[in-house]
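Enquirer: So here's my_file-v4.txt (compact mmCIF, C-alpha atoms and all ligand atoms).
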```
# COMPACT_ATOMS: atom_id res chain seq x y z
CA MET A 29 -36.35 27.63 -17.36
CA GLU A 30 -34.71 29.29 -14.35
CA LYS A 31 -31.01 28.45 -14.19
CA ILE A 32 -30.13 26.67 -10.97
CA ASN A 33 -26.47 26.31 -10.11
CA TYR A 34 -25.33 23.00 -8.75
CA ALA A 35 -22.05 21.09 -8.44
CA LYS A 36 -21.92 18.63 -11.32
CA GLY A 37 -19.97 15.55 -10.24
CA LEU A 38 -20.27 16.94 -6.68
CA GLU A 39 -17.13 18.93 -7.39
CA GLY A 40 -16.17 20.99 -4.35
CA VAL A 41 -19.05 19.62 -2.28
CA ILE A 42 -18.16 18.43 1.23
CA ALA A 43 -20.09 15.19 1.54
CA GLY A 44 -18.97 14.11 5.02
CA GLU A 45 -16.29 14.30 7.68
CA SER A 46 -13.29 12.00 7.69
CA GLU A 47 -10.24 11.51 9.89
CA ILE A 48 -8.55 9.10 7.52
CA CYS A 49 -6.74 11.14 4.96
CA LYS A 50 -5.93 14.76 4.21
CA VAL A 51 -5.38 15.73 0.60
CA GLU A 52 -4.07 19.26 0.11
CA GLY A 53 -4.51 19.68 -3.59
CA GLU A 54 -3.20 23.21 -3.90
CA VAL A 55 0.22 22.36 -2.48
CA GLY A 56 0.41 18.68 -3.45
CA ARG A 57 0.42 17.15 0.03
CA LEU A 58 -1.13 13.86 1.16
CA ASN A 59 -1.28 12.44 4.69
CA TYR A 60 -2.83 9.23 6.04
CA ARG A 61 -4.04 9.88 9.59
CA GLY A 62 -1.52 12.69 9.87
CA TYR A 63 1.50 10.84 8.47
CA SER A 64 2.84 12.00 5.10
CA VAL A 65 2.81 9.46 2.28
CA GLU A 66 6.46 10.26 1.65
CA ASP A 67 7.34 9.18 5.22
CA LEU A 68 5.12 6.12 5.06
CA ALA A 69 6.59 5.03 1.72
CA ALA A 70 10.12 5.54 3.03
CA HIS A 71 9.76 3.93 6.47
CA SER A 72 6.60 1.83 6.67
CA ASN A 73 5.10 -1.01 4.64
CA PHE A 74 1.70 -1.96 3.26
CA GLU A 75 0.71 -4.15 6.19
CA GLU A 76 1.54 -1.48 8.76
CA VAL A 77 -0.28 1.17 6.69
CA THR A 78 -3.32 -1.11 6.51
CA TYR A 79 -3.21 -1.33 10.31
CA LEU A 80 -2.91 2.45 10.54
CA LEU A 81 -5.93 2.93 8.28
CA LEU A 82 -8.12 0.33 9.99
CA PHE A 83 -7.13 0.88 13.65
CA GLU A 84 -6.54 4.64 13.53
CA LYS A 85 -2.99 4.51 14.95
CA LEU A 86 0.44 3.09 14.19
CA PRO A 87 0.74 -0.35 15.79
CA ALA A 88 3.04 -1.25 18.65
CA PHE A 89 5.58 -3.99 17.90
CA SER A 90 3.41 -6.92 19.07
CA GLU A 91 0.26 -5.47 17.47
CA LEU A 92 2.01 -5.28 14.11
CA ALA A 93 3.41 -8.80 14.50
CA ASP A 94 -0.07 -10.23 15.24
CA PHE A 95 -1.72 -8.24 12.47
CA THR A 96 0.90 -9.15 9.89
CA ALA A 97 0.64 -12.81 10.84
CA SER A 98 -3.14 -12.79 10.44
CA ILE A 99 -3.05 -11.06 7.05
CA ARG A 100 -0.39 -13.47 5.81
CA LYS A 101 -2.35 -16.46 7.11
CA ALA A 102 -5.37 -15.25 5.15
CA ARG A 103 -3.49 -15.12 1.82
CA SER A 104 -4.29 -18.65 0.63
CA LEU A 105 -7.37 -19.19 -1.51
CA ASN A 106 -10.00 -21.79 -0.76
CA PRO A 107 -10.21 -24.36 -3.55
CA GLU A 108 -13.66 -23.04 -4.58
CA VAL A 109 -12.30 -19.52 -5.03
CA LEU A 110 -9.45 -20.88 -7.09
CA GLU A 111 -11.98 -22.82 -9.15
CA MET A 112 -13.89 -19.59 -9.72
CA VAL A 113 -10.71 -17.88 -10.93
CA ARG A 114 -10.05 -20.84 -13.22
CA ASN A 115 -13.56 -20.89 -14.66
CA PHE A 116 -14.19 -17.18 -15.04
CA PRO A 117 -15.00 -16.33 -18.69
CA LYS A 118 -11.75 -15.97 -20.59
CA GLY A 119 -12.61 -12.60 -22.13
CA ALA A 120 -13.29 -10.94 -18.78
CA HIS A 121 -11.01 -8.32 -17.26
CA PRO A 122 -9.46 -9.25 -13.88
CA MET A 123 -11.30 -6.29 -12.31
CA GLU A 124 -14.57 -7.97 -13.25
CA LEU A 125 -13.27 -11.14 -11.67
CA LEU A 126 -12.28 -9.26 -8.50
CA GLN A 127 -15.69 -7.69 -8.20
CA SER A 128 -17.26 -11.13 -8.30
CA VAL A 129 -14.69 -12.73 -6.00
CA ILE A 130 -15.33 -10.14 -3.29
CA SER A 131 -19.04 -10.97 -3.30
CA TYR A 132 -18.19 -14.66 -3.29
CA LEU A 133 -15.88 -14.25 -0.29
CA SER A 134 -18.75 -12.85 1.74
CA GLY A 135 -20.24 -16.33 1.74
CA TYR A 136 -17.42 -17.45 4.02
CA VAL A 137 -18.54 -15.07 6.74
CA ALA A 138 -21.60 -15.97 8.78
CA HIS A 139 -24.75 -14.07 7.74
CA ARG A 140 -25.19 -12.78 11.31
CA ILE A 141 -21.70 -11.27 11.30
CA ARG A 142 -21.87 -9.87 7.76
CA HIS A 143 -25.04 -8.01 8.54
CA SER A 144 -24.28 -6.75 12.02
CA ALA A 145 -23.61 -3.02 12.15
CA THR A 146 -20.35 -3.83 13.87
CA CYS A 147 -19.36 -6.39 11.19
CA ASN A 148 -15.71 -6.48 11.76
CA CYS A 149 -13.87 -5.92 8.49
CA ARG A 150 -10.82 -5.72 10.70
CA ARG A 151 -11.13 -9.39 11.55
CA THR A 152 -12.14 -10.66 8.10
CA LEU A 153 -8.88 -9.57 6.58
CA HIS A 154 -9.20 -11.96 3.68
CA GLN A 155 -10.45 -9.10 1.49
CA VAL A 156 -7.12 -7.34 1.97
CA ALA A 157 -5.07 -10.52 1.87
CA GLN A 158 -6.68 -12.42 -0.99
CA ILE A 159 -7.06 -9.85 -3.73
CA ALA A 160 -3.33 -10.15 -4.43
CA THR A 161 -3.55 -13.94 -4.55
CA VAL A 162 -6.54 -13.86 -6.90
CA VAL A 163 -4.86 -11.39 -9.25
CA ALA A 164 -1.64 -13.40 -9.36
CA ALA A 165 -3.52 -16.69 -9.86
CA TRP A 166 -5.52 -15.18 -12.71
CA GLN A 167 -2.34 -14.03 -14.43
CA ARG A 168 -0.62 -17.42 -14.02
CA LEU A 169 -3.63 -19.19 -15.49
CA GLN A 170 -3.68 -16.79 -18.44
CA GLU A 171 -0.09 -17.82 -19.10
CA GLY A 172 -1.04 -21.51 -18.90
CA LYS A 173 0.88 -21.92 -15.63
CA ASP A 174 -0.19 -23.17 -12.22
CA PRO A 175 -1.03 -20.57 -9.57
CA VAL A 176 1.72 -20.09 -7.00
CA VAL A 177 0.91 -20.74 -3.34
CA PRO A 178 1.54 -17.55 -1.30
CA ARG A 179 4.41 -17.38 1.19
CA ASP A 180 4.09 -15.95 4.66
CA ASP A 181 7.66 -14.72 5.00
CA LEU A 182 7.39 -11.98 2.36
CA SER A 183 5.85 -8.51 2.46
CA HIS A 184 2.56 -8.00 0.65
CA GLY A 185 4.32 -6.43 -2.34
CA ALA A 186 7.15 -8.96 -2.55
CA ASN A 187 4.75 -11.87 -2.15
CA PHE A 188 2.63 -10.52 -4.99
CA LEU A 189 5.63 -10.39 -7.32
CA TYR A 190 6.57 -13.89 -6.16
CA MET A 191 3.09 -15.22 -6.95
CA VAL A 192 3.02 -13.55 -10.39
CA LYS A 193 6.51 -14.54 -11.49
CA GLY A 194 7.07 -17.77 -9.59
CA HIS A 195 10.36 -16.68 -8.01
CA VAL A 196 11.18 -14.48 -5.03
CA PRO A 197 11.94 -10.96 -6.28
CA GLU A 198 15.16 -9.16 -5.52
CA GLU A 199 14.79 -7.31 -2.23
CA ASP A 200 14.74 -3.79 -3.71
CA GLU A 201 12.09 -4.77 -6.27
CA GLY A 202 9.87 -6.36 -3.63
CA ARG A 203 10.27 -3.21 -1.57
CA ILE A 204 9.34 -0.90 -4.47
CA MET A 205 6.24 -3.00 -5.17
CA ASP A 206 5.23 -2.75 -1.52
CA GLN A 207 5.88 1.02 -1.46
CA CYS A 208 3.64 1.44 -4.51
CA LEU A 209 0.86 -0.28 -2.55
CA VAL A 210 1.46 2.13 0.36
CA LEU A 211 1.14 5.09 -2.00
CA HIS A 212 -2.14 3.82 -3.47
CA ALA A 213 -3.78 2.72 -0.22
CA GLU A 214 -5.92 5.77 0.46
CA HIS A 215 -7.02 9.03 -1.11
CA GLY A 216 -10.04 10.57 0.59
CA PHE A 217 -13.44 10.82 -1.12
CA ASN A 218 -12.32 9.71 -4.59
CA VAL A 219 -15.01 8.07 -6.69
CA SER A 220 -14.40 4.44 -5.64
CA THR A 221 -14.12 5.29 -1.95
CA PHE A 222 -17.21 7.45 -2.18
CA THR A 223 -18.97 4.52 -3.85
CA ALA A 224 -17.95 2.28 -0.94
CA ARG A 225 -19.27 4.82 1.56
CA VAL A 226 -22.53 5.31 -0.32
CA VAL A 227 -23.16 1.56 -0.30
CA ALA A 228 -22.12 1.33 3.38
CA SER A 229 -24.55 4.16 4.21
CA SER A 230 -27.51 1.89 3.42
CA LEU A 231 -26.08 -0.50 6.06
CA SER A 232 -25.16 -3.00 3.38
CA THR A 233 -22.27 -5.37 4.05
CA CYS A 234 -18.62 -4.42 3.76
CA TYR A 235 -18.34 -7.01 0.95
CA CYS A 236 -21.04 -5.27 -1.10
CA SER A 237 -19.34 -1.93 -0.41
CA ILE A 238 -15.96 -3.19 -1.57
CA SER A 239 -17.39 -4.97 -4.59
CA ALA A 240 -19.15 -1.76 -5.71
CA ALA A 241 -15.97 0.24 -5.15
CA MET A 242 -14.13 -2.25 -7.31
CA GLY A 243 -16.54 -1.55 -10.19
CA SER A 244 -15.95 2.16 -9.79
CA LEU A 245 -12.18 1.80 -9.77
CA TYR A 246 -12.32 -0.13 -13.04
CA GLY A 247 -13.20 3.00 -15.05
CA SER A 248 -10.47 4.67 -17.12
CA LEU A 249 -10.94 8.08 -15.46
CA HIS A 250 -9.97 6.49 -12.16
CA GLY A 251 -8.03 3.24 -11.82
CA GLY A 252 -7.64 2.52 -15.50
CA ALA A 253 -5.50 5.55 -16.23
CA ASN A 254 -2.03 3.97 -15.85
CA GLU A 255 -3.02 1.26 -18.32
CA LYS A 256 -3.88 4.04 -20.78
CA VAL A 257 -0.62 5.83 -20.02
CA MET A 258 1.31 2.76 -21.10
CA GLU A 259 -0.79 2.48 -24.28
CA MET A 260 0.25 6.07 -24.97
CA VAL A 261 3.92 5.28 -24.27
CA GLU A 262 3.74 2.33 -26.68
CA ALA A 263 2.03 4.47 -29.33
CA ILE A 264 4.73 7.15 -29.00
CA GLY A 265 7.50 4.55 -29.09
CA ASP A 266 10.44 6.97 -28.94
CA PRO A 267 11.08 10.16 -26.92
CA ALA A 268 11.72 12.01 -30.22
CA HIS A 269 8.09 11.38 -31.25
CA ALA A 270 6.54 12.56 -27.98
CA GLU A 271 6.17 16.24 -28.83
CA LYS A 272 4.28 15.64 -32.08
CA TRP A 273 2.09 13.01 -30.43
CA VAL A 274 1.11 15.20 -27.48
CA LEU A 275 0.43 18.32 -29.55
CA GLU A 276 -1.71 16.38 -32.01
CA ALA A 277 -3.63 14.74 -29.15
CA LEU A 278 -4.33 18.12 -27.59
CA ASP A 279 -5.43 19.55 -30.96
CA ARG A 280 -7.90 16.66 -31.22
CA LYS A 281 -9.09 17.60 -27.68
CA GLN A 282 -7.95 14.19 -26.51
CA LYS A 283 -7.12 13.79 -22.80
CA VAL A 284 -3.50 12.93 -22.08
CA MET A 285 -3.74 10.13 -19.55
CA GLY A 286 -1.88 10.43 -16.27
CA MET A 287 -2.09 14.21 -16.41
CA GLY A 288 -4.39 16.34 -14.31
CA HIS A 289 -6.40 15.69 -11.21
CA ARG A 290 -9.71 16.81 -9.81
CA VAL A 291 -8.06 17.76 -6.50
CA TYR A 292 -4.33 18.36 -7.10
CA LYS A 293 -3.43 21.65 -8.64
CA ALA A 294 0.26 20.92 -8.01
CA LYS A 295 2.28 17.79 -8.76
CA ASP A 296 0.70 14.79 -7.06
CA PRO A 297 3.09 13.88 -4.19
CA ARG A 298 2.72 10.20 -5.08
CA ALA A 299 3.83 10.93 -8.65
CA ARG A 300 6.98 12.55 -7.27
CA VAL A 301 7.84 9.45 -5.21
CA ILE A 302 6.96 6.98 -7.96
CA GLU A 303 9.03 8.93 -10.47
CA GLY A 304 11.97 8.24 -8.12
CA TYR A 305 11.23 4.50 -8.24
CA LEU A 306 11.09 4.65 -12.03
CA ASP A 307 14.45 6.38 -12.07
CA THR A 308 15.93 3.70 -9.76
CA LEU A 309 14.55 0.81 -11.80
CA SER A 310 15.54 2.40 -15.14
CA ARG A 311 19.14 2.67 -13.91
CA LYS A 312 19.14 -0.82 -12.45
CA LYS A 313 17.85 -2.38 -15.66
CA ASN A 314 19.64 0.07 -17.92
CA ASP A 315 16.34 0.66 -19.68
CA PHE A 316 15.43 4.36 -19.89
CA ARG A 317 12.87 4.20 -22.68
CA TYR A 318 9.75 4.64 -20.53
CA LEU A 319 11.31 7.30 -18.32
CA ARG A 320 12.49 9.37 -21.26
CA ILE A 321 9.21 9.17 -23.14
CA LEU A 322 7.23 10.10 -20.03
CA LYS A 323 9.50 13.02 -19.12
CA GLU A 324 9.16 14.35 -22.65
CA VAL A 325 5.36 13.98 -22.59
CA GLU A 326 5.31 15.82 -19.26
CA ARG A 327 7.51 18.64 -20.59
CA VAL A 328 5.51 19.21 -23.77
CA PHE A 329 2.10 18.81 -22.14
CA ARG A 330 2.86 21.15 -19.27
CA ALA A 331 4.35 23.80 -21.54
CA ARG A 332 1.31 23.75 -23.85
CA MET A 333 -1.16 23.84 -20.95
CA GLU A 334 0.76 26.68 -19.25
CA GLU A 335 0.44 28.66 -22.50
CA LYS A 336 -3.33 28.21 -22.18
CA GLY A 337 -3.20 29.29 -18.53
CA LYS A 338 -3.97 25.78 -17.27
CA PRO A 339 -1.19 24.48 -15.05
CA ILE A 340 -1.72 20.72 -15.07
CA TYR A 341 0.68 18.21 -13.53
CA PRO A 342 1.27 14.45 -13.59
CA ASN A 343 -0.89 12.38 -11.28
CA VAL A 344 -0.07 9.09 -9.52
CA ASP A 345 -0.82 7.08 -12.65
CA PHE A 346 1.66 8.83 -14.87
CA PHE A 347 4.76 6.95 -13.73
CA SER A 348 3.29 3.91 -11.95
CA GLY A 349 2.59 1.85 -15.09
CA ALA A 350 6.21 2.15 -16.21
CA VAL A 351 7.41 1.05 -12.75
CA TYR A 352 5.17 -2.01 -12.90
CA ARG A 353 6.39 -2.80 -16.41
CA LEU A 354 10.02 -2.70 -15.25
CA LEU A 355 9.03 -5.00 -12.39
CA GLY A 356 7.83 -7.44 -15.05
CA ILE A 357 4.10 -7.00 -14.47
CA PRO A 358 1.75 -7.14 -17.46
CA THR A 359 -0.35 -4.04 -18.16
CA ILE A 360 -3.68 -5.73 -17.56
CA LEU A 361 -2.79 -6.10 -13.88
CA PHE A 362 -2.29 -2.38 -13.24
CA THR A 363 -5.83 -1.59 -12.14
CA PRO A 364 -6.11 -4.80 -10.08
CA ILE A 365 -2.90 -3.74 -8.29
CA PHE A 366 -4.54 -0.43 -7.50
CA ALA A 367 -7.46 -2.41 -6.04
CA MET A 368 -5.06 -4.57 -3.97
CA ALA A 369 -3.81 -1.39 -2.34
CA ARG A 370 -6.96 0.69 -2.14
CA VAL A 371 -8.99 -2.03 -0.43
CA SER A 372 -7.39 -0.96 2.86
CA GLY A 373 -8.62 2.60 2.40
CA TRP A 374 -12.07 1.42 1.32
CA LEU A 375 -12.44 -0.70 4.44
CA ALA A 376 -11.31 2.14 6.66
CA HIS A 377 -13.96 4.37 5.08
CA VAL A 378 -16.68 1.73 5.44
CA LEU A 379 -15.87 1.51 9.17
CA GLU A 380 -15.81 5.27 9.51
CA GLN A 381 -19.11 5.65 7.66
CA ARG A 382 -20.75 3.23 10.06
CA LYS A 383 -19.52 5.12 13.12
CA ASP A 384 -21.68 8.14 12.31
CA ASN A 385 -23.91 7.01 9.48
CA ARG A 386 -26.37 9.02 7.47
CA LEU A 387 -27.90 7.52 4.34
CA PHE A 388 -26.60 9.33 1.25
CA ARG A 389 -29.53 10.80 -0.64
CA PRO A 390 -28.69 13.82 -2.80
CA LYS A 391 -31.29 15.38 -5.08
CA SER A 392 -31.24 15.65 -8.86
CA LEU A 393 -32.28 18.66 -10.91
CA TYR A 394 -35.14 17.46 -13.12
CA VAL A 395 -34.69 18.59 -16.73
CA GLY A 396 -37.05 16.11 -18.41
CA PRO A 397 -40.41 16.68 -20.13
CA ASP A 398 -43.31 18.49 -18.49
CA PRO A 399 -46.24 16.30 -17.38
CA ARG A 400 -47.96 14.72 -20.41
CA ASP A 401 -50.68 12.21 -21.17
CA TYR A 402 -49.92 8.54 -21.53
CA VAL A 403 -50.34 7.44 -25.17
CA PRO A 404 -51.73 3.92 -25.57
CA LEU A 405 -49.45 1.53 -27.44
CA GLY A 406 -51.63 1.33 -30.56
CA GLU A 407 -51.66 5.14 -30.99
CA ARG A 408 -47.88 5.78 -30.89
C1 LIG B 1 -8.63 13.66 -13.77
C2 LIG B 1 -9.43 14.60 -14.66
C3 LIG B 1 -10.78 13.93 -15.04
C4 LIG B 1 -9.71 15.91 -13.93
O1 LIG B 1 -10.39 16.74 -14.83
P1 LIG B 1 -10.87 18.22 -14.40
O2 LIG B 1 -11.41 18.16 -13.02
O3 LIG B 1 -11.75 18.70 -15.51
O4 LIG B 1 -9.48 18.99 -14.39
P2 LIG B 1 -9.27 20.55 -14.44
O5 LIG B 1 -10.51 21.27 -14.00
O6 LIG B 1 -8.01 20.81 -13.73
O7 LIG B 1 -9.05 20.78 -15.99
C5 LIG B 1 -8.80 22.08 -16.49
C6 LIG B 1 -8.76 22.02 -17.99
O8 LIG B 1 -7.68 21.21 -18.40
C7 LIG B 1 -8.12 20.14 -19.22
N1 LIG B 1 -7.42 18.91 -18.87
C8 LIG B 1 -7.32 18.38 -17.61
N2 LIG B 1 -6.63 17.24 -17.67
C9 LIG B 1 -6.29 17.06 -18.96
C10 LIG B 1 -5.59 16.04 -19.63
N3 LIG B 1 -5.11 14.99 -18.96
N4 LIG B 1 -5.42 16.14 -20.96
C11 LIG B 1 -5.91 17.21 -21.63
N5 LIG B 1 -6.60 18.20 -21.04
C12 LIG B 1 -6.78 18.12 -19.71
C13 LIG B 1 -9.60 20.00 -18.88
O9 LIG B 1 -10.32 19.41 -19.95
C14 LIG B 1 -9.99 21.43 -18.63
O10 LIG B 1 -10.14 22.06 -19.90
P3 LIG B 1 -11.27 23.19 -20.11
O11 LIG B 1 -10.84 24.30 -19.21
O12 LIG B 1 -11.15 23.51 -21.57
O13 LIG B 1 -12.56 22.55 -19.73
C15 LIG B 1 -8.66 14.95 -15.95
O14 LIG B 1 -7.48 15.64 -15.59
C16 LIG B 1 -8.33 13.74 -16.79
O15 LIG B 1 -9.19 13.23 -17.50
N6 LIG B 1 -7.06 13.25 -16.72
C17 LIG B 1 -6.66 12.09 -17.48
C18 LIG B 1 -7.17 10.84 -16.82
C19 LIG B 1 -6.35 10.44 -15.61
O16 LIG B 1 -5.13 10.48 -15.63
N7 LIG B 1 -7.06 10.03 -14.55
C20 LIG B 1 -6.44 9.59 -13.33
C21 LIG B 1 -6.75 10.55 -12.22
S1 LIG B 1 -5.88 10.06 -10.76
```
Could you write out this structure as structure tokens?

Expert:
Amino acid sequence: MEKINYAKGLEGVIAGESEICKVEGEVGRLNYRGYSVEDLAAHSNFEEVTYLLLFEKLPAFSELADFTASIRKARSLNPEVLEMVRNFPKGAHPMELLQSVISYLSGYVAHRIRHSATCNCRRTLHQVAQIATVVAAWQRLQEGKDPVVPRDDLSHGANFLYMVKGHVPEEDEGRIMDQCLVLHAEHGFNVSTFTARVVASSLSTCYCSISAAMGSLYGSLHGGANEKVMEMVEAIGDPAHAEKWVLEALDRKQKVMGMGHRVYKAKDPRARVIEGYLDTLSRKKNDFRYLRILKEVERVFRARMEEKGKPIYPNVDFFSGAVYRLLGIPTILFTPIFAMARVSGWLAHVLEQRKDNRLFRPKSLYVGPDPRDYVPLGER
């Protein structure tokens, strides 16, 4: 058969135009609508970044005040949603719950509005606001505790910690949580965002787009990686064991989670910032175990890959799990936290897709059997 070249996994294929985010993989740079993630993490907050993503500009003072008030007002769950969280099968992962909750939430928006091409995800902010509340409620119920009613005087990150732990976090910890959400809010045509855009391209609802994106984020090659990083850290247990562990994993051709990226060929800028948060929290809590193990894994992994001529660097997930752990968040919530942040980017992409839509319809290269005769059941 004639060999036809194609881009497996669409690697390197430009699948559309976007004004939302610029990822410069070769140099490790990431901007949202022209603003660097380093600047946004240092000076902005998740609510303002959500505004930036959805409205295409930084808000003026009063615009931010109105927007923040409406997101915070939308944080509380309707009793039926809370009932759904309560009754969801116990063995399910919270990402599976979130995927269902998003579809459920669509029922609160009139059919006419959901299906209009101009369906205003900007107005129905409950997708952005309520994911955090659902995740926190799920965790509280797992612990046999009552869900905590959200507060409207805390940032998105601080309020999340409050709802998970039941007490207002120290200011610096609430701020770090919020900054982590800023850093995860958007990242171009990654697989979950692409999923959201593909679904949006059939003129489906923004709820169906977000719910599909949620399913895509759940996979361990995307959102699940920081959970796996922490499993690795637990398995290693001590920085002195890291070298042996990493070398054996590479000999077995096992992927080291949190390392490498389809786009970045330099250190992920988000990893650099989050490493700083890990350093801050490790000092504050006088607990350096995670930091030391991770730094040792990074050192050994990078040295071995350099020897093979493959410079591979930590990605955003490498340090984030350890930060969440030091903030007192259980591992199972790591991917849901990613979803809490990325929903802003997903919605921005759904809106952008609708502005200049073309149904996604790539072709596949058929490699199946040649035409053949149907064999009746009794003759097989
Ligand atoms: C993200 C990922 C799928 C990108 O893979 P990719 O596009 O194939 O990456 P590259 O082309 O840069 O890989 C070059 C080589 O390094 C290897 N490599 C990349 N990341 C690796 C890792 N984390 N562990 C071991 N080897 C790795 C690849 O297998 C490839 O080897 P090959 O040349 O023998 O085929 C991959 O790095 C990975 O699985 N990382 C771990 C999962 C993770 O952290 N995901 C979160 C991403 S934000």

Enquirer: List all protein, DNA and RNA residues that have any atom at most 7 Å from ligand LIG 1 (chain B), counting all atoms listed in the file, and write the list as a PyMOL selection string.

Expert: chain A and resi 248-251+253+278+281-290+293+338+340+343-345

Enquirer: Skipping near chain neighbours, those fewer than 5 positions away, what residues fall within 6 Å of region 364-374 of chain A using only C-alpha atoms, listed as a list in words?

Expert: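 Near region 364-374 of chain A, the qualifying residues are Thr78, Met123, Ile159, Ala160, Leu209, His212, Ala213, Glu214 and Thr221 of chain A.
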
Enquirer: Could you build a table of the residues in region 345-378 of chain A lying no more than 12 Å from region 259-274 of chain A, giving for each the nearest pair of atoms and their separation in Å rounded to one decimal place, using all atoms listed in the file, ordered by chain and ascending residue number, as a tab-separated table?

Expert:
```
residue	atom	partner	partner_atom	distance
A:Phe346	CA	A:Val261	CA	10.3
A:Phe347	CA	A:Val261	CA	10.7
A:Gly349	CA	A:Glu259	CA	9.8
A:Ala350	CA	A:Val261	CA	8.9
A:Arg353	CA	A:Val261	CA	11.5
A:Thr359	CA	A:Glu259	CA	9.0
A:Ile360	CA	A:Glu259	CA	11.0
```

Enquirer: I'd like the neighbourhood of region 389-395 of chain A as a count of residues only, where a residue qualifies if any of its atoms comes within 12 Å (using all atoms listed in the file), though same-chain residues fewer than 3 positions away should be ignored.

Expert: 19

Enquirer: Identify, on the basis of all atoms listed in the file, every residue whose closest approach to region 51-64 of chain A does not exceed 6 Å; exclude the query and any residue fewer than 5 positions from it along the same chain; express the result as a list of chain:residue names.

Expert: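 Within the cut-off, the hits are A:Val291, A:Tyr292, A:Lys293, A:Ala294, A:Lys295, A:Asp296, A:Pro297.
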
Enquirer: Write the residues you've just listed into a file as a compact mmCIF listing (two decimals), in the frame of the given file, and include C-alpha atoms for each of them.

Expert:
```txt
# COMPACT_ATOMS: atom_id res chain seq x y z
CA VAL A 291 -8.06 17.76 -6.50
CA TYR A 292 -4.33 18.36 -7.10
CA LYS A 293 -3.43 21.65 -8.64
CA ALA A 294 0.26 20.92 -8.01
CA LYS A 295 2.28 17.79 -8.76
CA ASP A 296 0.70 14.79 -7.06
CA PRO A 297 3.09 13.88 -4.19
```

Enquirer: Enter the distance from CA of Glu108 (chain A) to CA of Cys236 (chain A), in Å, rounded to one decimal.

Expert: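 Computed distance, CA of Glu108 (chain A) to CA of Cys236 (chain A), equals 19.6 Å.
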
Enquirer: What is the CA of Leu82 (chain A) to CA of Ile99 (chain A) distance in Å?

Expert: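 One can read the CA of Leu82 (chain A) to CA of Ile99 (chain A) distance as 12.8 Å.
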
Enquirer: Work out how far CA of Leu86 (chain A) is from CA of Lys50 (chain A), in Å to one decimal.

Expert: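 Spanning CA of Lys50 (chain A) to CA of Leu86 (chain A) is a straight-line distance of 16.6 Å.
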
Enquirer: Which residue is closest to Phe95 (chain A)? Choose from A:Arg150, A:Lys193, A:His215, A:Arg168 and count only C-alpha atoms.

Expert: A:Arg150

Enquirer: Which neighbours of Leu306 (chain A) fall inside 12 Å, counting all atoms listed in the file, when residues of the same chain fewer than 5 positions from it are skipped, and could you give them as a list of chain:residue names?

Expert: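 Everything that qualifies: A:Glu201, A:Ile204, A:Met205, A:Cys208, A:Ala299, A:Arg300, A:Val301, A:Arg311, A:Lys312, A:Lys313, A:Asn314, A:Asp315, A:Phe316, A:Arg317, A:Tyr318, A:Leu319, A:Arg320, A:Leu322, A:Lys323, A:Phe346, A:Phe347, A:Ser348, A:Gly349, A:Ala350, A:Val351, A:Tyr352, A:Arg353, A:Leu354, A:Leu355.
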
Enquirer: Given the choices A:Gln127, A:Ala165, A:Leu211, A:Glu45, which gets closest to Tyr305 (chain A) if the distance is worked out from only C-alpha atoms?

Expert: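 Ranking A:Gln127, A:Ala165, A:Leu211, A:Glu45 by distance to Tyr305 (chain A), first place goes to A:Leu211.
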
Enquirer: Emit as lines of an AutoDock Vina configuration file the padded axis-aligned box for all listed atoms of region 47-58 of chain A, 5 Å per side, with centre and edge lengths in Å to one decimal.

Expert:
```
center_x = -4.9
center_y = 16.2
center_z = 3.0
size_x = 20.7
size_y = 24.1
size_z = 23.8
```

Enquirer: A:Ala186, A:Ile48, A:Val162, A:Leu126: which is nearest Arg103 (chain A), counting all atoms listed in the file?

Expert: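 Nearest candidate to Arg103 (chain A) out of A:Ala186, A:Ile48, A:Val162, A:Leu126: A:Val162.
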
Enquirer: Using all atoms listed in the file, which of the listed residues (A:Phe74, A:Phe222, A:Tyr235, A:Phe188) sits closest to Val129 (chain A)?

Expert: A:Tyr235

Enquirer: May I have the residues within 9 Å of Val219 (chain A) as an NGL selection string, using only C-alpha atoms and disregarding those fewer than 6 positions away in the same chain?

Expert: :A and (241 or 244-245 or 250)

Enquirer: What residues have an atom no more than 6 Å from (-10.9, 6.0, 7.1) in the file's own frame, counting all atoms listed in the file, and can you write them as an NGL selection string?

Expert: :A and (48 or 81 or 376-377 or 380)

Enquirer: With distances taken over only C-alpha atoms, which of A:Cys234, A:Leu182, A:Ala228, A:Ala97 is nearest to Ser134 (chain A)?

Expert: A:Cys234

Enquirer: Go through A:Ala102, A:Ala164, A:Met258, A:Leu92 and flag the residue nearest Gly185 (chain A), using only C-alpha atoms for the distances.

Expert: A:Ala164
